Amino acid sequence: SVLASLIRHGVTTFLSDWKTFVCIPFVAAFVGWFTNYLAVQMIFYPIQWRGIPLKKKEGEPFGLFGWQGIIPAKTIKMSEVMVNVTINQLVNMEELMQKLDPEEVADSLTSQIPEMVKDVFLEEKENLSTKEKSSSKTTKSPPYYTKILKSAVNSLIDTDNKAGKWIVEEWLGRSLFRELTLAMQHDITSLF
């Protein structure tokens, strides 16, 4: 019969070169594992771009002579997409805003206010110094308001000044964030 002759031929072929046929699954498994391993490495590593930066576009994993992992190269684009999907499709912003506790928002953000205020006041202090120098060229003494503002800025950014620290943390920080959260909750429909 045809089936018996096919089986006989297959067995004969296998036995004539059985070592090769036994190796095929192991070689195929190794090649499969290695290509998967290499692909994963190329997706995630290296984190920083490596190579000669002759031609490299920001956000692209490859250059003329170099490489960066695909995920690290596209982190900004991927994070923007994830935030947009989360905000627009998974989370209802009105419900989320209504669930915010104004006191907790104020507590969590207040610790960051002194540094932000210090940066703003340091910049303003530089502006005042510049105005003071320019006004001293035209008049013998700087304007009185400039002296007062400069003194106020110095006292607010002085970390040893307890009154200045209270003004920055409690008045500017806690009150501002508490009231801002309440205002956003009250007028949520006009925001989104």
# chains A, B, ... in the order shown; residues from 1 in each chain; ligands from 1
>>> residues_around(residues="segment 99-102 of chain A", least_positions_apart="3", cutoff="7 Å", atoms="only C-alpha atoms", output="JSON, numbers by chain")
{"A": [95, 96, 105, 106, 178, 181, 182]}
>>> write_last_selection(atoms="N, CA, C and O atoms", output="PDB file, in the first residue's frame")
ATOM      1  N   GLU A  95     -15.825  63.875  37.607  1.00  0.00           N
ATOM      2  CA  GLU A  95     -15.905  63.026  38.791  1.00  0.00           C
ATOM      3  C   GLU A  95     -14.608  63.069  39.587  1.00  0.00           C
ATOM      4  O   GLU A  95     -14.621  63.116  40.817  1.00  0.00           O
ATOM      5  N   LEU A  96     -13.501  63.050  38.873  1.00  0.00           N
ATOM      6  CA  LEU A  96     -12.200  63.086  39.535  1.00  0.00           C
ATOM      7  C   LEU A  96     -12.023  64.381  40.331  1.00  0.00           C
ATOM      8  O   LEU A  96     -11.584  64.349  41.481  1.00  0.00           O
ATOM      9  N   VAL A 105      -5.211  68.323  48.922  1.00  0.00           N
ATOM     10  CA  VAL A 105      -4.510  68.964  47.811  1.00  0.00           C
ATOM     11  C   VAL A 105      -3.577  70.042  48.357  1.00  0.00           C
ATOM     12  O   VAL A 105      -2.397  70.112  47.989  1.00  0.00           O
ATOM     13  N   ALA A 106      -4.098  70.861  49.285  1.00  0.00           N
ATOM     14  CA  ALA A 106      -3.278  71.918  49.875  1.00  0.00           C
ATOM     15  C   ALA A 106      -2.092  71.328  50.637  1.00  0.00           C
ATOM     16  O   ALA A 106      -0.969  71.809  50.521  1.00  0.00           O
ATOM     17  N   ARG A 178      -6.172  75.428  48.506  1.00  0.00           N
ATOM     18  CA  ARG A 178      -7.493  75.034  49.006  1.00  0.00           C
ATOM     19  C   ARG A 178      -8.572  75.773  48.221  1.00  0.00           C
ATOM     20  O   ARG A 178      -9.521  75.163  47.713  1.00  0.00           O
ATOM     21  N   THR A 181      -8.777  74.652  44.524  1.00  0.00           N
ATOM     22  CA  THR A 181      -9.462  73.362  44.374  1.00  0.00           C
ATOM     23  C   THR A 181     -10.968  73.528  44.518  1.00  0.00           C
ATOM     24  O   THR A 181     -11.740  72.972  43.733  1.00  0.00           O
ATOM     25  N   LEU A 182     -11.394  74.291  45.504  1.00  0.00           N
ATOM     26  CA  LEU A 182     -12.836  74.524  45.696  1.00  0.00           C
ATOM     27  C   LEU A 182     -13.440  75.253  44.493  1.00  0.00           C
ATOM     28  O   LEU A 182     -14.536  74.910  44.044  1.00  0.00           O
TER      29      LEU A 182
END
>>> residues_around(residues="segment 74-86 of chain A", least_positions_apart="6", cutoff="10 Å", atoms="only C-alpha atoms", output="ChimeraX atom specification")
/A:58-61,68,92
>>> select_by_dssp(residues="segment 9-105 of chain A", states="helix (DSSP H, G or I)", output="PyMOL selection string")
chain A and resi 9-16+18-44+70-73+75-90+93-99+102-105
>>> atom_distance(atom1="atom CA of Met184 of chain A", atom2="atom CA of Glu103 of chain A")
13.8 Å
